[in-house]
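**Student:** The structure's right below; bear with me while I get my questions together.
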Amino acid sequence: MSVIAGVIQFDRPLQPSDGTADFMEAVRRFPGNAFETWEESTALFGCQSQWITPESVHERLPFRHGQSGLVITADAIIDNRGQLFEQLGIGCDRKNGLTDSELILLAYLKWGSETPNYLIGDFAFAIWDESRRLLFGARDQLGSRTLYYHRGRNRFSFCSVIHPLFSLAGIDKRLGEERFAEFLAIPTLLDAVDVHTTYFADIYQLPPAHSFTLQEGKLTVAKYGSLMPERRLILGSDDEYVEAFKDIFQQSIRARLRTFKQVGVTLSGGLDSGSVSAFAAGMLAGEGKSLQAYSYIPERDFIDWTPRSMFADESPYIQSVVDHVGNMNANYLDFPGISPFTEIDEWMDGLEAPYKNFENAFWVKGIHEEAARQGIGVLLTGARGNYSISWGSAVGYYSLLLKRLQWLQLYREISLYGRRLGTGRKRIVRAIRQQVFPEKDAPFQPGVPPIIEPEFARSSGVFEKLSPYDVGLRESTYRMLTEREDYFGNQAVLNMQGTISAKSSYRLGIWERDATSDIRLIQFCLSLPVEQYVKDGFGRSLIRRATEHRLPDKVRLNQRTRGVQGMDWVHRTIPRWRSIEEELRALCGDERAARYLNVVQVKESLGQVGPDLGPEQADDPHLKLLMRSLIAYRFLKRLQ
C-alpha cells in the first residue's frame, strides 16, 4: 500500500548535503494518499501511503510506538489478522481500527526477529529500535512486495524502489554487470538466478522470505519460513478433499477482498482466473459490490493463425464465465495501436530493469492502467494457479502410473482421457512414452539463443555460475512429484513475478493480489495426494470438481483447447518493423552495446527474420532474440 524509504547514518548526524531531502522528494512523487516522514539525528524514515484497506485510511506512516519508542514504516496487507489478534491478546475494542503496520509492530514486540514467520500476506517493512541502534526488516515469503538497499561505509539506506536511492550522496547509477550477464545468458523468460543483486552496482534487493538485521554497522540477511507442508493430508473421500479445498480457497479470496475501493480481476478463458472470479463475485454480492473483469483480446483485424488446439481470442470463454457467474462486468481490452515496441520505455522505467516477457507486458500494463482509471483498489489474479489450485498434468500422472507399473489404473485413465479429449489411445501412449523415455535425436538447443557477447560471458563467468541451475541451457527432465516444490522453492522465479506486480502497484496505486498463492492455500494443495489432481480422465481434476455449478462446463471441463494470450504481438509489431530494424542496426554499430551483446548473433537473426514479418512468426526464436536484444540495448542507453 506504500512506497517506503529510510536512511541510517552510523557515525554522525544526517546533514542536508547527504541528499536526504531529494531522496524523500523522489519517494513523494509516487501516487499516494499521504506522505509523511519521521526523523531523528541519525535516522530518517519516509512513506508515501496508498490507502487500500479500510484500516489504512488516514494511517500515519512512519509510525512511532509510544511505549517502546519503536518506529515502523511498512508496505503491507496482512491476511491473518484474526489469528494475530488471538496470539497477541488484542481485545475486540482495538481490532477494527488497528492498522496492519501497527499489528506488525506489536508482533515484533513479542517475537522479535521471528516475526515474519507469524505473518501471512504481502509485506515489506522496516523497524527502527533507537535504544539498541538496531534496524530490522523483512519481505514476504512469495516476494509480493519489493525492498532494495545500499550499504555504504557509514550509511545504510533502503527503499521500495531503486531510483530514489540515487538521490543520496555517494550512490552512483552504474550497471550491475553480474546480474546483466545473467539476463543476457539465460535463454528462458527468467531474468536471473541471483536473488540478491539488481541491475545497478552496489544496489541490492532483499529476496523473498528473507529478513535483515542491521546493528553497529553490521548487516545480516537471513532466510525464514517454508512453504512446504508439515504433513500429508489424508481424508476419507474425494468429496471431503473437495470441501476442504473450497473452504481454504474461499478463505484466501475473502482475505484479498479487504478494501474500501472497488475490486477487479484479470480474467482469461481458463480455469484459474475463472475460479477466482466465480468465488469472488459471490462474496462481493454480499457486500453490495460487483466484480470488474479485465480481459485482453487481440486487435479486431487479427486473423488467428494458431493451431486448432489453441485460441488467441478467449472472449467466448470469458463471456460464458461472466454470464454464468453473474455480478460481473466485463471489460474487453484490445489496445488498438499499442504493441510491445511502443511500450518498452514506460514498462522498463516502471520495472527499473530490462525484461523478456515483451509479448505480454504491453497488455498487462494496459489492463493495470485501465483498472486504475476505474478506481480499482485490489486487482485479483490467478497467476500461480498452475502450481497450486489447478495443478495436475494428466500425461505427467499417467507417466507416473507407468513407472509404478499400475497397469489397470493406467488403462482406465487413458481410456477415459482419450474419450474426453476426443483422441485415440495410441496418441496418448506416445505422449506418455516420450515423457518417460525422451528421444534424443539431436543435440540440445536453447529455445532462444543467449544474447550475451562471448568475451563478456567468459570474463563474467556467467555460464559457470548458471551451470547448477535449470534455466534452459541444458536438457531438463520433467519430475511431476517435485514440480511444485521446485517452483515454490525457486526464489528467483518468485522474485521476478512479485517484482512485476509490486512495481505496477507503486506506479498506479492499485494492489495486484494473487488469490491462488496464499501461503495457507499453497501448503494445503501441496499436502494432498497426487491422485486428487488427476482423476477419471481429467487433468487438473480438483479445481474442476470444486467449481461444479460455479463455472460453465464450457470452461470447467475444457481439455481440448487452451488460450494463448498475446499471440497477435507480431501482428501489432509489423507496422513498426522498419523502426525496429533501424534501431537494431544502430545496436550493431554501438561500441558499448558490442561489449555486452552478441552483435554477431543479432546480425544473423536479422537475416533469418528478414524484412517482411508475418503474424505466424510469433514463436520465431530469432525474432524473440531481436526483441530481447533491443530491450537490453534500450536499458544500456538509459544508463549513459
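In the C-alpha cells, chains take the letters A, B, ... in the order shown, each chain's residues start at 1, and ligands count up from 1 in the order shown.
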I'd like the contact shell of region 18-34 of chain A - 9 Å cut-off, only C-alpha atoms, skipping same-chain residues fewer than 4 positions apart - returned as a VMD selection string.

**Tutor:** chain A and resid 1 to 7 14 44 to 51 57 to 61 159 161 163 to 170 506 to 509

**Student:** List the spatial neighbours of Val195 (chain A) as a compact mmCIF listing (two decimals) with N, CA and C atoms, in the first residue's frame - criterion: any atom at most 8 Å away, only C-alpha atoms, same-chain residues fewer than 2 positions off excluded.

**Tutor:**
# COMPACT_ATOMS: atom_id res chain seq x y z
N ALA A 192 17.20 -13.80 -13.96
CA ALA A 192 18.45 -14.04 -13.23
C ALA A 192 18.21 -15.11 -12.17
N VAL A 193 19.29 -15.71 -11.68
CA VAL A 193 19.17 -16.69 -10.59
C VAL A 193 19.61 -16.09 -9.26
N THR A 197 21.20 -9.52 -6.07
CA THR A 197 21.70 -8.42 -6.88
C THR A 197 20.57 -7.70 -7.62
N GLN A 205 18.83 -6.21 -3.39
CA GLN A 205 17.44 -6.41 -3.02
C GLN A 205 17.35 -7.46 -1.92
N LEU A 206 16.38 -7.29 -1.05
CA LEU A 206 16.09 -8.31 -0.06
C LEU A 206 15.27 -9.39 -0.77
N PRO A 207 15.72 -10.65 -0.78
CA PRO A 207 14.99 -11.69 -1.50
C PRO A 207 13.67 -12.03 -0.81
N GLN A 491 13.30 -19.08 -5.51
CA GLN A 491 13.12 -17.68 -5.13
C GLN A 491 13.35 -16.73 -6.30
N ALA A 492 14.14 -17.15 -7.29
CA ALA A 492 14.37 -16.30 -8.45
C ALA A 492 13.09 -16.11 -9.25
N ASN A 495 10.65 -14.05 -7.09
CA ASN A 495 11.09 -12.66 -7.05
C ASN A 495 10.73 -11.93 -8.34

**Student:** Under the rule that only C-alpha atoms are counted, which of A:Phe158, A:Phe335, A:Ile203, A:Arg373 is the nearest residue to Lys173 (chain A)?

**Tutor:**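 Under the stated criterion, the closest residue is A:Ile203.
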
**Student:** What parts of region 233-280 of chain A does DSSP call strand (DSSP E)? I'd like the answer as a PDB file with N, CA, C and O atoms, in the first residue's frame.

**Tutor:**
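After the write, states27.pdb holds the following:
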ATOM      1  N   GLN A 262     -13.147  -0.440  -5.104  1.00  0.00           N
ATOM      2  CA  GLN A 262     -13.727  -1.481  -5.937  1.00  0.00           C
ATOM      3  C   GLN A 262     -12.707  -2.592  -6.190  1.00  0.00           C
ATOM      4  O   GLN A 262     -11.497  -2.397  -6.066  1.00  0.00           O
ATOM      5  N   VAL A 263     -13.229  -3.764  -6.560  1.00  0.00           N
ATOM      6  CA  VAL A 263     -12.382  -4.938  -6.787  1.00  0.00           C
ATOM      7  C   VAL A 263     -12.458  -5.331  -8.258  1.00  0.00           C
ATOM      8  O   VAL A 263     -13.533  -5.358  -8.858  1.00  0.00           O
ATOM      9  N   GLY A 264     -11.306  -5.628  -8.832  1.00  0.00           N
ATOM     10  CA  GLY A 264     -11.237  -6.102 -10.203  1.00  0.00           C
ATOM     11  C   GLY A 264     -10.565  -7.456 -10.272  1.00  0.00           C
ATOM     12  O   GLY A 264     -10.034  -7.959  -9.283  1.00  0.00           O
ATOM     13  N   VAL A 265     -10.578  -8.052 -11.450  1.00  0.00           N
ATOM     14  CA  VAL A 265      -9.914  -9.331 -11.665  1.00  0.00           C
ATOM     15  C   VAL A 265      -9.422  -9.373 -13.100  1.00  0.00           C
ATOM     16  O   VAL A 265     -10.089  -8.882 -14.011  1.00  0.00           O
ATOM     17  N   THR A 266      -8.233  -9.920 -13.320  1.00  0.00           N
ATOM     18  CA  THR A 266      -7.771 -10.177 -14.678  1.00  0.00           C
ATOM     19  C   THR A 266      -8.331 -11.537 -15.076  1.00  0.00           C
ATOM     20  O   THR A 266      -8.001 -12.550 -14.472  1.00  0.00           O
TER      21      THR A 266
END

**Student:** Please determine, counting only C-alpha atoms, which residue among A:Asp313, A:Glu581, A:Asp536, A:Glu230 has the shortest atom-to-atom distance to Gly607 (chain A).

**Tutor:** A:Glu581

**Student:** Just asking: which residues within region 510-596 of chain A are helix (DSSP H, G or I) according to DSSP, as an MDAnalysis selection string?

**Tutor:** chainID A and resid 519:527 530:532 541:546 553:556 569:588 591:596

**Student:** A:Met348, A:Ala546, A:Leu98, A:Ala222: which is nearest Leu636 (chain A), counting only C-alpha atoms?

**Tutor:**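 Going through A:Met348, A:Ala546, A:Leu98, A:Ala222 one by one, the smallest distance to Leu636 (chain A) is for A:Met348.
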
**Student:** To one decimal place, how far is CA of Tyr397 (chain A) from CA of Gln565 (chain A) in Å?

**Tutor:**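 A separation of 26.5 Å between them.
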
**Student:** I'd like the contact shell of Val493 (chain A) - 12 Å cut-off, only C-alpha atoms, skipping same-chain residues fewer than 6 positions apart - returned as a VMD selection string.

**Tutor:** chain A and resid 142 to 144 188 to 195 207 to 208 384 470 to 471 486 to 487 499 to 500

**Student:** Mind writing the picked residues with N, CA, C and O atoms as a tab-separated table (two decimals), in the first residue's frame?

**Tutor:**
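Here's the written file part-v9.tsv:
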chain	number	residue	atom	x	y	z
A	142	LEU	N	6.53	-14.88	-0.62
A	142	LEU	CA	6.35	-15.02	-2.06
A	142	LEU	C	6.87	-13.81	-2.83
A	142	LEU	O	6.73	-13.73	-4.05
A	143	GLY	N	7.48	-12.86	-2.14
A	143	GLY	CA	8.09	-11.72	-2.81
A	143	GLY	C	7.09	-10.78	-3.45
A	143	GLY	O	7.39	-10.14	-4.47
A	144	SER	N	5.92	-10.63	-2.85
A	144	SER	CA	4.86	-9.81	-3.45
A	144	SER	C	5.14	-8.32	-3.36
A	144	SER	O	4.54	-7.53	-4.10
A	188	THR	N	15.64	-18.59	-21.20
A	188	THR	CA	14.23	-18.65	-20.84
A	188	THR	C	13.73	-17.27	-20.41
A	188	THR	O	14.47	-16.28	-20.45
A	189	LEU	N	12.47	-17.19	-19.97
A	189	LEU	CA	11.92	-15.92	-19.51
A	189	LEU	C	12.49	-15.46	-18.18
A	189	LEU	O	12.34	-14.29	-17.80
A	190	LEU	N	13.14	-16.35	-17.43
A	190	LEU	CA	13.75	-15.97	-16.16
A	190	LEU	C	14.83	-14.92	-16.41
A	190	LEU	O	15.61	-15.03	-17.35
A	191	ASP	N	14.88	-13.92	-15.55
A	191	ASP	CA	15.86	-12.86	-15.77
A	191	ASP	C	17.19	-13.14	-15.11
A	191	ASP	O	18.25	-12.73	-15.62
A	192	ALA	N	17.20	-13.80	-13.96
A	192	ALA	CA	18.45	-14.04	-13.23
A	192	ALA	C	18.21	-15.11	-12.17
A	192	ALA	O	17.07	-15.37	-11.79
A	193	VAL	N	19.29	-15.71	-11.68
A	193	VAL	CA	19.17	-16.69	-10.59
A	193	VAL	C	19.61	-16.09	-9.26
A	193	VAL	O	19.25	-16.60	-8.20
A	194	ASP	N	20.39	-15.03	-9.30
A	194	ASP	CA	20.86	-14.38	-8.07
A	194	ASP	C	19.74	-13.49	-7.54
A	194	ASP	O	19.33	-12.53	-8.21
A	195	VAL	N	19.25	-13.79	-6.35
A	195	VAL	CA	18.11	-13.05	-5.80
A	195	VAL	C	18.54	-11.89	-4.91
A	195	VAL	O	17.69	-11.22	-4.32
A	207	PRO	N	15.72	-10.65	-0.78
A	207	PRO	CA	14.99	-11.69	-1.50
A	207	PRO	C	13.67	-12.03	-0.81
A	207	PRO	O	13.46	-11.70	0.36
A	208	PRO	N	12.77	-12.72	-1.52
A	208	PRO	CA	11.57	-13.23	-0.85
A	208	PRO	C	11.96	-14.12	0.32
A	208	PRO	O	12.99	-14.78	0.30
A	384	ARG	N	-0.51	-17.87	-10.09
A	384	ARG	CA	0.27	-19.06	-9.72
A	384	ARG	C	-0.61	-20.30	-9.59
A	384	ARG	O	-0.21	-21.31	-9.01
A	470	ASP	N	18.57	-25.11	-13.58
A	470	ASP	CA	17.78	-25.49	-14.75
A	470	ASP	C	17.17	-24.22	-15.35
A	470	ASP	O	16.07	-23.82	-15.01
A	471	VAL	N	17.92	-23.59	-16.25
A	471	VAL	CA	17.49	-22.31	-16.82
A	471	VAL	C	17.46	-22.36	-18.35
A	471	VAL	O	17.58	-21.34	-19.02
A	486	ASP	N	9.72	-27.58	-6.52
A	486	ASP	CA	10.79	-26.86	-7.22
A	486	ASP	C	10.36	-25.43	-7.54
A	486	ASP	O	11.16	-24.49	-7.41
A	487	TYR	N	9.11	-25.27	-7.95
A	487	TYR	CA	8.63	-23.94	-8.30
A	487	TYR	C	8.56	-23.03	-7.08
A	487	TYR	O	9.10	-21.92	-7.07
A	499	THR	N	8.04	-8.92	-8.28
A	499	THR	CA	8.56	-7.59	-8.60
A	499	THR	C	7.70	-6.91	-9.65
A	499	THR	O	7.39	-5.71	-9.55
A	500	ILE	N	7.31	-7.65	-10.69
A	500	ILE	CA	6.46	-7.08	-11.74
A	500	ILE	C	5.16	-6.56	-11.14
A	500	ILE	O	4.70	-5.45	-11.44

**Student:** Determine the nearest neighbour of Ile428 (chain A) from the options A:Trp347, A:Gln67, A:Ala353, A:Gly537, counting only C-alpha atoms.

**Tutor:** A:Gly537

**Student:** Would you mind reading off the distance between CA of Asn80 (chain A) and CA of Phe136 (chain A), one decimal, in Å?

**Tutor:**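 Computing the Euclidean distance for CA of Asn80 (chain A) and CA of Phe136 (chain A) yields 21.2 Å.
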
**Student:** Set the distance at 12 Å and use only C-alpha atoms: which residues neighbour Gly366 (chain A) once local chain neighbours fewer than 4 positions away are removed? I'd like the list as a PyMOL selection string.

**Tutor:** chain A and resi 266+294-297+331-340+342-343+346-347+360-362+370-373+504+508

**Student:** Would you kindly return, as a ChimeraX atom specification, each protein, DNA or RNA residue with an atom no farther than 9 Å from any atom of Gln251 (chain A), considering only C-alpha atoms and excluding same-chain residues fewer than 5 positions away?

**Tutor:** /A:246,256,521

**Student:** Rounded to one decimal place, report the CA of Asn154 (chain A)-CA of Glu216 (chain A) distance in Å.

**Tutor:**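 These two atoms are separated by 10.4 Å.
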
**Student:** Using only C-alpha atoms, can you tell me which of A:Trp511, A:Phe358, A:Tyr224, A:Phe245 comes closest to Lys624 (chain A)?

**Tutor:**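 Between A:Trp511, A:Phe358, A:Tyr224, A:Phe245, the residue approaching Lys624 (chain A) most closely is A:Phe358.
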
**Student:** If you count only C-alpha atoms, which residues fall within 8 Å of Asp140 (chain A), apart from same-chain ones fewer than 4 positions away, as a list in words?

**Tutor:**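 After dropping sequence-adjacent residues, the list is Pro116, Ile120, Gly121, Asp122, Phe123, Ala124, Ser144, Arg145, Pro208, Ala209 and His210 of chain A.
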
**Student:** Go ahead and write the residues just picked, N, CA and C atoms, as a compact mmCIF listing (two decimals), in the first residue's frame.

**Tutor:**
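What follows is the written file again-v3.txt:
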# COMPACT_ATOMS: atom_id res chain seq x y z
N PRO A 116 8.44 -12.41 11.03
CA PRO A 116 7.96 -12.78 9.69
C PRO A 116 7.36 -14.17 9.61
N ILE A 120 1.14 -13.61 7.48
CA ILE A 120 0.67 -14.10 6.19
C ILE A 120 0.10 -12.91 5.43
N GLY A 121 0.57 -12.72 4.22
CA GLY A 121 0.12 -11.60 3.41
C GLY A 121 1.23 -11.09 2.52
N ASP A 122 1.05 -9.88 2.02
CA ASP A 122 2.04 -9.23 1.18
C ASP A 122 2.68 -8.12 2.00
N PHE A 123 4.01 -8.15 2.16
CA PHE A 123 4.60 -7.11 3.00
C PHE A 123 6.09 -6.92 2.75
N ALA A 124 6.50 -5.70 3.01
CA ALA A 124 7.91 -5.32 3.18
C ALA A 124 7.89 -4.22 4.23
N SER A 144 5.92 -10.63 -2.85
CA SER A 144 4.86 -9.81 -3.45
C SER A 144 5.14 -8.32 -3.36
N ARG A 145 6.00 -7.91 -2.44
CA ARG A 145 6.45 -6.52 -2.36
C ARG A 145 7.97 -6.51 -2.53
N PRO A 208 12.77 -12.72 -1.52
CA PRO A 208 11.57 -13.23 -0.85
C PRO A 208 11.96 -14.12 0.32
N ALA A 209 11.09 -14.12 1.35
CA ALA A 209 11.30 -14.98 2.53
C ALA A 209 12.64 -14.70 3.22
N HIS A 210 13.05 -13.44 3.23
CA HIS A 210 14.29 -13.06 3.92
C HIS A 210 14.02 -11.85 4.82

**Student:** May I have the residues within 10 Å of Tyr633 (chain A) as number ranges by chain, using only C-alpha atoms and disregarding those fewer than 4 positions away in the same chain?

**Tutor:** A: 354, 583-584, 586-588, 590, 592-594, 596-597, 627-629, 637-638

**Student:** Choose the residue, out of A:Ile186, A:Val555, A:Ala201, A:Val364, that has the smallest atom-to-atom separation from Ser501 (chain A); count only C-alpha atoms.

**Tutor:**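 Using only C-alpha atoms, Ser501 (chain A) sits closest to A:Val364.
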
**Student:** Compile a residue-level contact table for region 65-87 of chain A against region 106-111 of chain A at a cut-off of 12 Å, reporting for every qualifying residue the shortest atom pair and its distance in Å to one decimal, with only C-alpha atoms counted, rows ordered by chain and ascending number, as a tab-separated table.

**Tutor:**
residue	atom	partner	partner_atom	distance
A:His65	CA	A:Leu106	CA	9.0
A:Gly66	CA	A:Leu106	CA	11.8
A:Gln67	CA	A:Leu109	CA	10.7
A:Ser68	CA	A:Leu109	CA	8.3
A:Gly69	CA	A:Leu109	CA	10.8
A:Leu70	CA	A:Leu109	CA	8.9
A:Val71	CA	A:Tyr108	CA	11.2
A:Ile72	CA	A:Tyr108	CA	10.2
A:Ile78	CA	A:Ala107	CA	11.8
A:Arg81	CA	A:Ala107	CA	11.0
A:Gln83	CA	A:Ala107	CA	11.5
A:Leu84	CA	A:Ala107	CA	7.8
A:Phe85	CA	A:Ala107	CA	9.6
A:Glu86	CA	A:Ala107	CA	11.4
A:Gln87	CA	A:Ala107	CA	9.0
